file upload-v7.txt (compact mmCIF, C-alpha atoms and all ligand atoms)
# COMPACT_ATOMS: atom_id res chain seq x y z
CA MET A 1 79.54 86.27 118.92
CA SER A 2 82.16 88.92 118.21
CA ASN A 3 81.35 92.23 116.51
CA ILE A 4 82.75 90.83 113.28
CA ASP A 5 80.58 87.66 113.48
CA LEU A 6 77.49 89.86 113.90
CA LEU A 7 78.27 91.79 110.71
CA VAL A 8 78.87 88.67 108.59
CA ARG A 9 76.02 87.18 106.53
CA ASP A 10 74.36 84.21 108.26
CA ASN A 11 75.08 81.85 105.35
CA ILE A 12 78.79 82.73 105.49
CA ARG A 13 78.99 82.38 109.27
CA GLN A 14 77.43 78.93 108.97
CA LEU A 15 79.36 77.92 105.84
CA LYS A 16 81.34 74.73 106.00
CA PRO A 17 84.25 75.59 103.70
CA TYR A 18 85.56 73.30 101.00
CA SER A 19 88.36 71.21 102.38
CA SER A 20 91.09 70.75 99.80
CA ALA A 21 93.59 67.91 99.83
CA ARG A 22 96.46 70.27 100.61
CA SER A 23 94.65 71.98 103.47
CA GLU A 24 93.71 68.73 105.22
CA PHE A 25 97.30 67.54 105.48
CA SER A 26 99.81 69.09 107.84
CA GLY A 27 103.39 68.12 108.56
CA THR A 28 105.98 67.16 105.98
CA GLY A 29 105.29 64.42 103.47
CA GLN A 30 107.48 62.83 100.83
CA VAL A 31 104.90 60.91 98.82
CA PHE A 32 101.86 62.92 97.80
CA LEU A 33 99.01 60.64 96.79
CA ASP A 34 96.22 62.83 98.13
CA ALA A 35 95.23 65.26 95.36
CA ASN A 36 95.07 63.27 92.11
CA GLU A 37 97.91 65.32 90.68
CA ASN A 38 100.18 64.13 87.90
CA PRO A 39 103.29 62.80 89.74
CA TYR A 40 105.81 63.71 87.04
CA GLU A 41 107.76 66.82 88.09
CA THR A 42 107.38 69.88 85.87
CA GLY A 43 107.61 72.49 88.62
CA LEU A 44 103.90 73.08 88.13
CA ASN A 45 102.33 69.64 88.55
CA ARG A 46 101.41 70.21 92.22
CA TYR A 47 98.61 72.39 93.58
CA PRO A 48 99.84 75.63 95.16
CA ASP A 49 99.90 76.27 98.92
CA PRO A 50 96.29 77.36 99.57
CA LEU A 51 97.42 79.77 102.32
CA GLN A 52 100.56 81.08 100.55
CA ARG A 53 102.54 80.74 103.77
CA GLU A 54 105.97 81.67 102.39
CA VAL A 55 104.69 84.77 100.62
CA LYS A 56 102.78 85.89 103.70
CA GLU A 57 105.82 85.44 105.94
CA LYS A 58 107.87 87.67 103.68
CA LEU A 59 105.08 90.24 103.37
CA ALA A 60 104.46 90.23 107.12
CA ALA A 61 108.09 91.18 107.71
CA ILE A 62 107.92 93.97 105.12
CA LYS A 63 104.61 95.39 106.37
CA GLY A 64 105.09 94.92 110.12
CA VAL A 65 102.06 92.68 110.59
CA ARG A 66 101.55 89.00 111.48
CA PRO A 67 100.95 86.45 108.65
CA GLU A 68 97.50 85.74 110.22
CA GLN A 69 96.54 89.35 109.46
CA ILE A 70 97.05 88.87 105.69
CA PHE A 71 94.76 87.67 102.92
CA LEU A 72 96.07 87.43 99.36
CA GLY A 73 93.69 87.79 96.44
CA ASN A 74 93.78 87.30 92.69
CA GLY A 75 94.24 91.06 92.30
CA SER A 76 92.51 93.61 94.52
CA ASP A 77 89.36 92.74 92.59
CA GLU A 78 89.07 89.48 94.53
CA VAL A 79 89.70 91.27 97.85
CA ILE A 80 86.81 93.65 97.08
CA ASP A 81 84.50 90.96 95.72
CA LEU A 82 84.94 88.67 98.73
CA ALA A 83 84.42 91.53 101.21
CA ILE A 84 81.07 92.26 99.60
CA ARG A 85 80.07 88.59 99.58
CA ILE A 86 81.13 88.01 103.20
CA PHE A 87 79.24 90.97 104.67
CA CYS A 88 76.42 92.13 102.37
CA ARG A 89 73.02 90.48 102.00
CA PRO A 90 71.61 91.35 98.55
CA GLY A 91 68.39 93.34 98.84
CA THR A 92 69.03 94.22 102.49
CA ASP A 93 72.53 95.58 103.05
CA HIS A 94 74.48 98.23 101.18
CA ILE A 95 77.98 99.60 100.74
CA ILE A 96 78.95 103.27 100.91
CA ILE A 97 81.36 104.78 98.41
CA LEU A 98 82.77 108.29 98.15
CA PRO A 99 82.76 109.44 94.51
CA PRO A 100 84.78 110.34 92.57
CA THR A 101 86.59 107.10 93.31
CA TYR A 102 87.80 103.75 91.96
CA GLY A 103 85.12 102.00 89.89
CA MET A 104 85.51 98.42 91.13
CA TYR A 105 83.67 98.91 94.44
CA GLN A 106 80.47 99.78 92.58
CA VAL A 107 80.91 97.02 90.00
CA GLY A 108 81.62 94.44 92.72
CA ALA A 109 78.42 95.45 94.49
CA ALA A 110 76.41 95.42 91.25
CA ILE A 111 77.60 91.89 90.45
CA ALA A 112 76.51 90.76 93.93
CA ASP A 113 73.19 92.64 93.58
CA VAL A 114 74.10 94.81 96.56
CA GLU A 115 72.94 98.43 96.81
CA VAL A 116 75.50 101.24 96.61
CA ARG A 117 75.00 104.51 98.48
CA GLU A 118 77.10 107.44 97.35
CA VAL A 119 78.36 110.22 99.60
CA PRO A 120 80.37 112.54 97.32
CA LEU A 121 83.70 113.92 98.47
CA PHE A 122 83.94 117.65 99.18
CA PRO A 123 85.32 119.72 96.26
CA ASP A 124 88.76 119.48 97.90
CA PHE A 125 88.36 115.67 97.55
CA GLN A 126 88.15 115.04 101.31
CA PRO A 127 85.41 112.84 102.83
CA ASP A 128 82.22 114.45 104.17
CA VAL A 129 82.43 112.67 107.51
CA GLU A 130 79.15 114.05 108.86
CA ALA A 131 77.18 113.04 105.76
CA ILE A 132 78.74 109.55 105.79
CA LEU A 133 77.80 108.98 109.43
CA THR A 134 74.29 110.36 108.86
CA THR A 135 73.82 108.06 105.85
CA ALA A 136 75.11 105.02 107.72
CA ASN A 137 72.79 102.59 109.51
CA ALA A 138 72.85 98.96 110.64
CA HIS A 139 72.69 97.83 106.98
CA SER A 140 75.82 99.83 106.00
CA LYS A 141 78.22 96.90 105.96
CA LEU A 142 81.19 98.35 104.08
CA LEU A 143 82.60 101.85 103.66
CA PHE A 144 85.21 102.08 100.88
CA ILE A 145 87.81 104.83 101.25
CA CYS A 146 90.49 105.09 98.57
CA HIS A 147 93.67 106.53 100.12
CA PRO A 148 95.36 108.01 98.12
CA ASN A 149 92.28 108.38 95.98
CA ASN A 150 91.99 107.31 92.35
CA PRO A 151 91.39 109.39 90.16
CA THR A 152 92.08 112.52 92.25
CA GLY A 153 95.53 111.55 93.57
CA ASN A 154 95.18 112.97 97.10
CA LEU A 155 95.59 111.36 100.51
CA MET A 156 92.56 111.31 102.77
CA ASP A 157 92.76 113.23 106.04
CA THR A 158 93.94 110.91 108.83
CA ARG A 159 91.69 112.51 111.45
CA ALA A 160 88.66 112.08 109.17
CA MET A 161 89.47 108.38 108.73
CA GLU A 162 89.89 107.97 112.50
CA THR A 163 86.48 109.56 113.10
CA LEU A 164 84.96 107.20 110.53
CA LEU A 165 86.69 104.19 112.10
CA ASP A 166 85.24 105.23 115.46
CA GLY A 167 81.73 105.98 114.25
CA PHE A 168 80.94 103.78 111.23
CA PRO A 169 78.79 100.79 112.22
CA GLY A 170 80.23 98.41 109.60
CA ILE A 171 83.64 97.53 108.18
CA VAL A 172 85.88 100.36 106.92
CA VAL A 173 87.89 99.30 103.85
CA ILE A 174 90.84 101.58 103.09
CA ASP A 175 92.24 100.96 99.61
CA GLU A 176 95.95 101.81 99.68
CA ALA A 177 96.84 100.76 96.12
CA TYR A 178 99.10 103.82 95.82
CA ILE A 179 100.41 104.00 99.39
CA ASP A 180 103.97 103.11 98.36
CA PHE A 181 104.17 106.66 97.01
CA ALA A 182 103.36 108.08 100.49
CA PRO A 183 104.14 105.18 102.86
CA GLU A 184 104.23 107.25 106.05
CA TYR A 185 100.44 107.73 105.71
CA SER A 186 99.56 104.02 105.65
CA MET A 187 96.69 103.04 107.93
CA VAL A 188 98.18 99.57 108.52
CA LYS A 189 99.41 100.86 111.90
CA TYR A 190 95.74 101.22 112.98
CA LEU A 191 94.97 97.49 112.58
CA GLU A 192 95.49 96.61 116.25
CA LYS A 193 93.25 99.46 117.40
CA TYR A 194 90.39 98.83 114.93
CA PRO A 195 89.27 95.18 114.45
CA LYS A 196 86.74 96.34 111.81
CA LEU A 197 89.42 97.87 109.56
CA ILE A 198 90.52 96.28 106.27
CA VAL A 199 93.54 97.85 104.55
CA MET A 200 93.94 96.83 100.90
CA GLN A 201 97.22 97.05 99.03
CA THR A 202 98.51 95.58 95.77
CA LEU A 203 101.67 94.55 93.94
CA SER A 204 100.25 96.10 90.75
CA LYS A 205 101.56 99.65 91.07
CA ALA A 206 104.85 100.52 92.80
CA TRP A 207 106.11 96.93 92.79
CA GLY A 208 105.72 96.71 89.01
CA LEU A 209 103.80 93.41 89.09
CA ALA A 210 100.37 94.19 87.61
CA GLY A 211 100.75 91.09 85.42
CA ILE A 212 100.94 88.55 88.24
CA ARG A 213 97.61 89.63 89.84
CA MET A 214 98.24 89.83 93.55
CA GLY A 215 96.16 92.00 95.85
CA MET A 216 96.45 92.04 99.62
CA ALA A 217 94.14 92.63 102.55
CA PHE A 218 95.46 93.39 106.03
CA ALA A 219 92.90 93.02 108.81
CA SER A 220 92.11 91.45 112.18
CA ASP A 221 92.48 87.67 112.40
CA ALA A 222 88.68 87.40 112.64
CA ILE A 223 88.16 89.08 109.26
CA ILE A 224 91.02 87.16 107.62
CA ASP A 225 89.49 83.89 108.89
CA TYR A 226 86.30 84.71 106.98
CA TYR A 227 88.30 85.55 103.85
CA ASN A 228 90.02 82.17 104.08
CA LYS A 229 86.66 80.47 104.55
CA VAL A 230 85.09 81.84 101.35
CA LYS A 231 88.05 82.13 98.98
CA PRO A 232 88.54 79.66 96.13
CA PRO A 233 90.93 77.09 97.66
CA TYR A 234 93.84 77.69 95.28
CA ASN A 235 93.23 81.33 94.38
CA ILE A 236 96.90 82.32 94.09
CA ASN A 237 98.64 80.13 91.53
CA ILE A 238 102.20 78.83 91.80
CA LEU A 239 103.63 81.17 89.15
CA THR A 240 102.24 84.18 91.02
CA GLN A 241 103.49 82.95 94.41
CA GLU A 242 106.96 82.29 93.01
CA ALA A 243 107.15 85.66 91.27
CA ALA A 244 105.95 87.44 94.43
CA LEU A 245 108.55 85.64 96.58
CA LYS A 246 111.31 86.60 94.19
CA GLU A 247 110.23 90.20 93.63
CA LEU A 248 109.53 90.93 97.30
CA GLU A 249 113.31 90.51 97.74
CA ARG A 250 113.75 93.61 95.60
CA GLU A 251 112.53 96.28 97.98
CA ASP A 252 115.49 98.45 96.92
CA GLN A 253 114.36 98.32 93.30
CA LYS A 254 110.83 99.27 94.30
CA ALA A 255 112.11 102.14 96.44
CA ALA A 256 114.28 103.39 93.55
CA TRP A 257 111.32 103.26 91.15
CA VAL A 258 109.11 105.12 93.63
CA GLU A 259 111.75 107.82 94.10
CA GLU A 260 112.21 108.21 90.34
CA LEU A 261 108.45 108.26 89.66
CA ILE A 262 107.89 110.92 92.31
CA ARG A 263 110.76 113.02 90.91
CA THR A 264 109.52 112.77 87.31
CA ARG A 265 105.90 113.29 88.42
CA GLU A 266 106.87 116.70 89.77
CA LEU A 267 108.84 117.53 86.60
CA LEU A 268 105.88 116.52 84.44
CA ALA A 269 103.47 118.50 86.63
CA ALA A 270 105.65 121.61 86.29
CA ALA A 271 105.91 121.19 82.50
CA LEU A 272 102.14 120.66 82.20
CA ARG A 273 101.42 123.82 84.21
CA GLU A 274 103.26 125.79 81.46
CA MET A 275 100.98 124.43 78.71
CA PRO A 276 98.31 126.80 77.38
CA MET A 277 95.59 124.13 77.30
CA VAL A 278 96.20 123.08 80.93
CA LYS A 279 93.89 124.77 83.44
CA LYS A 280 94.93 122.86 86.54
CA VAL A 281 97.28 120.10 87.60
CA TYR A 282 96.02 118.64 90.86
CA PRO A 283 98.62 117.77 93.53
CA SER A 284 99.33 114.02 93.55
CA GLU A 285 100.63 111.51 96.08
CA THR A 286 100.51 108.72 93.47
CA ASN A 287 102.04 107.70 90.14
CA PHE A 288 99.48 109.63 88.10
CA LEU A 289 98.32 113.21 87.62
CA LEU A 290 94.78 114.51 87.28
CA VAL A 291 94.93 117.38 84.81
CA GLN A 292 92.09 119.75 83.96
CA VAL A 293 92.33 121.01 80.38
CA THR A 294 90.32 123.32 78.11
CA ASP A 295 89.19 120.73 75.54
CA PRO A 296 89.45 117.29 77.19
CA LEU A 297 87.81 115.22 74.45
CA GLY A 298 89.69 116.98 71.65
CA LEU A 299 92.97 116.62 73.49
CA TYR A 300 92.29 112.99 74.35
CA GLN A 301 91.59 112.26 70.67
CA TYR A 302 94.68 114.18 69.52
CA LEU A 303 96.94 112.25 71.93
CA LEU A 304 95.36 109.00 70.79
CA GLU A 305 96.28 109.88 67.19
CA GLN A 306 99.88 110.41 68.39
CA GLY A 307 99.79 106.93 69.93
CA ILE A 308 99.63 108.29 73.48
CA ILE A 309 96.82 106.84 75.59
CA VAL A 310 95.60 108.69 78.67
CA ARG A 311 92.42 108.20 80.69
CA ASP A 312 89.42 110.42 80.03
CA ARG A 313 87.88 111.35 83.40
CA SER A 314 86.25 114.53 82.07
CA ARG A 315 82.68 113.50 82.85
CA VAL A 316 83.42 112.18 86.33
CA LEU A 317 81.92 114.00 89.34
CA LEU A 318 84.20 116.86 90.56
CA CYS A 319 86.70 116.04 87.79
CA ASP A 320 85.10 118.17 85.05
CA GLY A 321 87.28 118.47 81.98
CA SER A 322 90.07 116.33 83.43
CA LEU A 323 92.34 113.68 82.03
CA ARG A 324 94.22 111.20 84.19
CA ILE A 325 97.81 110.68 83.11
CA SER A 326 100.06 107.91 84.47
CA ILE A 327 103.71 108.77 85.03
CA GLY A 328 105.77 106.96 82.37
CA THR A 329 109.51 106.69 81.83
CA ALA A 330 111.37 109.97 81.41
CA SER A 331 111.30 109.40 77.64
CA GLU A 332 107.57 108.64 77.59
CA ASN A 333 106.85 111.76 79.63
CA GLN A 334 108.97 113.75 77.16
CA GLN A 335 106.96 112.33 74.23
CA LEU A 336 103.80 113.53 75.95
CA ILE A 337 105.23 117.03 76.49
CA SER A 338 106.43 117.20 72.85
CA ALA A 339 103.02 116.12 71.58
CA LEU A 340 101.30 118.74 73.75
CA LYS A 341 103.63 121.45 72.41
CA GLU A 342 102.47 120.53 68.90
CA TYR A 343 98.78 120.54 69.84
CA PRO A 344 97.14 122.53 67.01
CA HIS A 345 94.24 124.06 68.97
CA ALA A 346 96.26 125.46 71.85
C1 LIG A 401 95.12 99.97 90.47
C2 LIG A 401 94.22 99.94 91.64
C3 LIG A 401 94.03 98.77 92.37
C4 LIG A 401 94.79 97.53 92.03
O1 LIG A 401 94.04 96.56 91.52
P1 LIG A 401 94.69 95.12 91.26
O2 LIG A 401 93.48 94.30 90.99
O3 LIG A 401 95.39 94.72 92.53
O4 LIG A 401 95.61 95.24 90.12
C5 LIG A 401 93.21 98.79 93.48
N1 LIG A 401 92.61 99.92 93.86
C6 LIG A 401 92.79 101.08 93.20
C7 LIG A 401 92.15 102.32 93.68
C8 LIG A 401 93.58 101.11 92.06
O5 LIG A 401 93.72 102.26 91.39
call {"tool": "encode", "arguments": {"input": "upload-v7.txt", "output": "structure tokens", "more": "lines below"}}
Ligand SMILES: *Cc1c(COP(=O)(O)O)cnc(C)c1O
result
Amino acid sequence: MSNIDLLVRDNIRQLKPYSSARSEFSGTGQVFLDANENPYETGLNRYPDPLQREVKEKLAAIKGVRPEQIFLGNGSDEVIDLAIRIFCRPGTDHIIILPPTYGMYQVGAAIADVEVREVPLFPDFQPDVEAILTTANAHSKLLFICHPNNPTGNLMDTRAMETLLDGFPGIVVIDEAYIDFAPEYSMVKYLEKYPKLIVMQTLSKAWGLAGIRMGMAFASDAIIDYYNKVKPPYNINILTQEAALKELEREDQKAAWVEELIRTRELLAAALREMPMVKKVYPSETNFLLVQVTDPLGLYQYLLEQGIIVRDRSRVLLCDGSLRISIGTASENQQLISALKEYPHA
């Protein structure tokens, strides 16, 4: 058995996956009488390609990986959920998370009745490598690293991640939901070196496609094979696959959005630093800013009354008194600045 096989739950290793009509047939047919579909063409009467081959081919070219190294999920949520179910035995195994971080890792584990061990980031939001490796044992199946991190906005140190990839006994999952805003730091280039690495990305942020629900995992063929074994057979619907195929042609549009969002992020950060109620604007490599303010709950409520919704992170570990603010259009950012200038308690 390979290293990956040894980490996988016994029931998953032994699982005989559901065999769908469309996955049993290969070649090119003209008359499809295998799946009890309605034969009258609507564009949606057929089941989708269970392996999303066209989308993966396009993505593979964009990301510099092979299609066999890609799993597509119904949002990143499915990528996280399946990782936990493939590797973690409830009551025995655990995952390690590095708070403050994205909330779905913990929720995914809670749903699966899998223990979560927390190793807080240092105050500069970098991972405590020594503490992670001391905490880890043979039951530490997954380590979730969010890079850049939500809600703090920073990239994780590459050397620290390399040390963790070398020393962590389980699978290292690096969530790169925001990597389009700092693409040169992507860990995708480490896939060949580390068969126990999963890199997650999504079309929900830079690509502007949160509504179609498409998350991605890039990993060794062995890990992707397990994903394909446990996933619901038709997890990516036809509308999503078609939209992804069309939008992945628009890399120029995405690049232009990223450039504009980075430019306006820095303008907004500079404007916020001038505001009397702003104590700190943390540096960001994403499309949001973490901003520490004097009266977070009062300010949150005030903005809400102005119709401006931000995220209250003020009670989150290491984020005391902070709000998380997504970068909007130039006009939306201006509305925020104007509202802050009118803030009565400043
Ligand atoms: C937004 C976000 C995602 C994306 O989730 P989807 O389900 O793909 O929309 C994943 N991870 C982090 C850290 C995020 O902030």
call {"tool": "closest_residue", "arguments": {"input": "upload-v7.txt", "among": "A:Cys146, A:Val291, A:Val107, A:Leu239", "to": "Gln201 of chain A", "atoms": "all atoms listed in the file"}}
result
A:Cys146
call {"tool": "residues_near_ligand", "arguments": {"input": "upload-v7.txt", "ligand": "ligand LIG 401 (chain A)", "cutoff": "7 Å", "atoms": "all atoms listed in the file", "output": "list in words"}}
result
Gly75, Ser76, Asp77, Tyr102, Cys146, Asn149, Asn150, Asp175, Glu176, Ala177, Thr202, Leu203, Ser204, Lys205, Ala210, Arg213, Met214 and Gly215 of chain A
call {"tool": "closest_residue", "arguments": {"input": "upload-v7.txt", "among": "A:Ala255, A:Leu33, A:Val79, A:Leu304", "to": "Gly208 of chain A", "atoms": "only C-alpha atoms"}}
result
A:Ala255
call {"tool": "residues_around", "arguments": {"input": "upload-v7.txt", "residues": "Ala112 of chain A", "least_positions_apart": "3", "cutoff": "10 Å", "atoms": "all atoms listed in the file", "output": "list in words"}}
result
Asp81, Leu82, Ile84, Arg85, Cys88, Arg89, Pro90, Gly91, Gln106, Val107, Gly108, Ala109 and Glu115 of chain A
call {"tool": "closest_residue", "arguments": {"input": "upload-v7.txt", "among": "A:Val119, A:Met200, A:Ile95, A:Ile171", "to": "His147 of chain A", "atoms": "all atoms listed in the file"}}
result
A:Met200
call {"tool": "residues_near_point", "arguments": {"input": "upload-v7.txt", "point": "(77.6, 83.2, 106.8)", "cutoff": "10 Å", "atoms": "all atoms listed in the file", "output": "PyMOL selection string"}}
result
chain A and resi 5-16+85-87+89+226+229-230
call {"tool": "build_atoms", "arguments": {"input": "upload-v7.txt", "residues": "segment 114-133 of chain A", "atoms": "N, CA and C atoms", "output": "PDB file, keeping the file's coordinate frame"}}
result
ATOM      1  N   VAL A 114      74.092  94.082  95.287  1.00  0.00           N
ATOM      2  CA  VAL A 114      74.100  94.810  96.560  1.00  0.00           C
ATOM      3  C   VAL A 114      74.013  96.307  96.265  1.00  0.00           C
ATOM      4  N   GLU A 115      73.163  96.994  97.016  1.00  0.00           N
ATOM      5  CA  GLU A 115      72.940  98.430  96.810  1.00  0.00           C
ATOM      6  C   GLU A 115      74.199  99.244  97.136  1.00  0.00           C
ATOM      7  N   VAL A 116      74.385 100.326  96.375  1.00  0.00           N
ATOM      8  CA  VAL A 116      75.500 101.240  96.610  1.00  0.00           C
ATOM      9  C   VAL A 116      74.948 102.597  96.997  1.00  0.00           C
ATOM     10  N   ARG A 117      75.383 103.150  98.125  1.00  0.00           N
ATOM     11  CA  ARG A 117      75.000 104.510  98.480  1.00  0.00           C
ATOM     12  C   ARG A 117      76.227 105.414  98.315  1.00  0.00           C
ATOM     13  N   GLU A 118      75.989 106.550  97.670  1.00  0.00           N
ATOM     14  CA  GLU A 118      77.100 107.440  97.350  1.00  0.00           C
ATOM     15  C   GLU A 118      77.072 108.669  98.243  1.00  0.00           C
ATOM     16  N   VAL A 119      78.199 108.968  98.859  1.00  0.00           N
ATOM     17  CA  VAL A 119      78.360 110.220  99.600  1.00  0.00           C
ATOM     18  C   VAL A 119      79.550 110.940  98.967  1.00  0.00           C
ATOM     19  N   PRO A 120      79.270 111.911  98.070  1.00  0.00           N
ATOM     20  CA  PRO A 120      80.370 112.540  97.320  1.00  0.00           C
ATOM     21  C   PRO A 120      81.404 113.190  98.240  1.00  0.00           C
ATOM     22  N   LEU A 121      82.641 113.188  97.784  1.00  0.00           N
ATOM     23  CA  LEU A 121      83.700 113.920  98.470  1.00  0.00           C
ATOM     24  C   LEU A 121      83.386 115.414  98.401  1.00  0.00           C
ATOM     25  N   PHE A 122      83.995 116.185  99.295  1.00  0.00           N
ATOM     26  CA  PHE A 122      83.940 117.650  99.180  1.00  0.00           C
ATOM     27  C   PHE A 122      84.736 118.045  97.919  1.00  0.00           C
ATOM     28  N   PRO A 123      84.545 119.287  97.440  1.00  0.00           N
ATOM     29  CA  PRO A 123      85.320 119.720  96.260  1.00  0.00           C
ATOM     30  C   PRO A 123      86.835 119.649  96.443  1.00  0.00           C
ATOM     31  N   ASP A 124      87.304 119.657  97.699  1.00  0.00           N
ATOM     32  CA  ASP A 124      88.760 119.480  97.900  1.00  0.00           C
ATOM     33  C   ASP A 124      89.125 117.991  97.992  1.00  0.00           C
ATOM     34  N   PHE A 125      88.172 117.129  97.626  1.00  0.00           N
ATOM     35  CA  PHE A 125      88.360 115.670  97.550  1.00  0.00           C
ATOM     36  C   PHE A 125      88.540 114.999  98.907  1.00  0.00           C
ATOM     37  N   GLN A 126      88.110 115.661  99.985  1.00  0.00           N
ATOM     38  CA  GLN A 126      88.150 115.040 101.310  1.00  0.00           C
ATOM     39  C   GLN A 126      86.766 114.485 101.652  1.00  0.00           C
ATOM     40  N   PRO A 127      86.708 113.449 102.504  1.00  0.00           N
ATOM     41  CA  PRO A 127      85.410 112.840 102.830  1.00  0.00           C
ATOM     42  C   PRO A 127      84.515 113.748 103.669  1.00  0.00           C
ATOM     43  N   ASP A 128      83.224 113.710 103.404  1.00  0.00           N
ATOM     44  CA  ASP A 128      82.220 114.450 104.170  1.00  0.00           C
ATOM     45  C   ASP A 128      81.797 113.543 105.329  1.00  0.00           C
ATOM     46  N   VAL A 129      82.582 113.611 106.397  1.00  0.00           N
ATOM     47  CA  VAL A 129      82.430 112.670 107.510  1.00  0.00           C
ATOM     48  C   VAL A 129      81.008 112.707 108.080  1.00  0.00           C
ATOM     49  N   GLU A 130      80.485 113.921 108.276  1.00  0.00           N
ATOM     50  CA  GLU A 130      79.150 114.050 108.860  1.00  0.00           C
ATOM     51  C   GLU A 130      78.102 113.370 107.991  1.00  0.00           C
ATOM     52  N   ALA A 131      78.163 113.629 106.675  1.00  0.00           N
ATOM     53  CA  ALA A 131      77.180 113.040 105.760  1.00  0.00           C
ATOM     54  C   ALA A 131      77.318 111.520 105.719  1.00  0.00           C
ATOM     55  N   ILE A 132      78.540 111.011 105.810  1.00  0.00           N
ATOM     56  CA  ILE A 132      78.740 109.550 105.790  1.00  0.00           C
ATOM     57  C   ILE A 132      78.087 108.932 107.020  1.00  0.00           C
ATOM     58  N   LEU A 133      78.335 109.548 108.193  1.00  0.00           N
ATOM     59  CA  LEU A 133      77.800 108.980 109.430  1.00  0.00           C
ATOM     60  C   LEU A 133      76.285 109.136 109.523  1.00  0.00           C
TER      61      LEU A 133
END
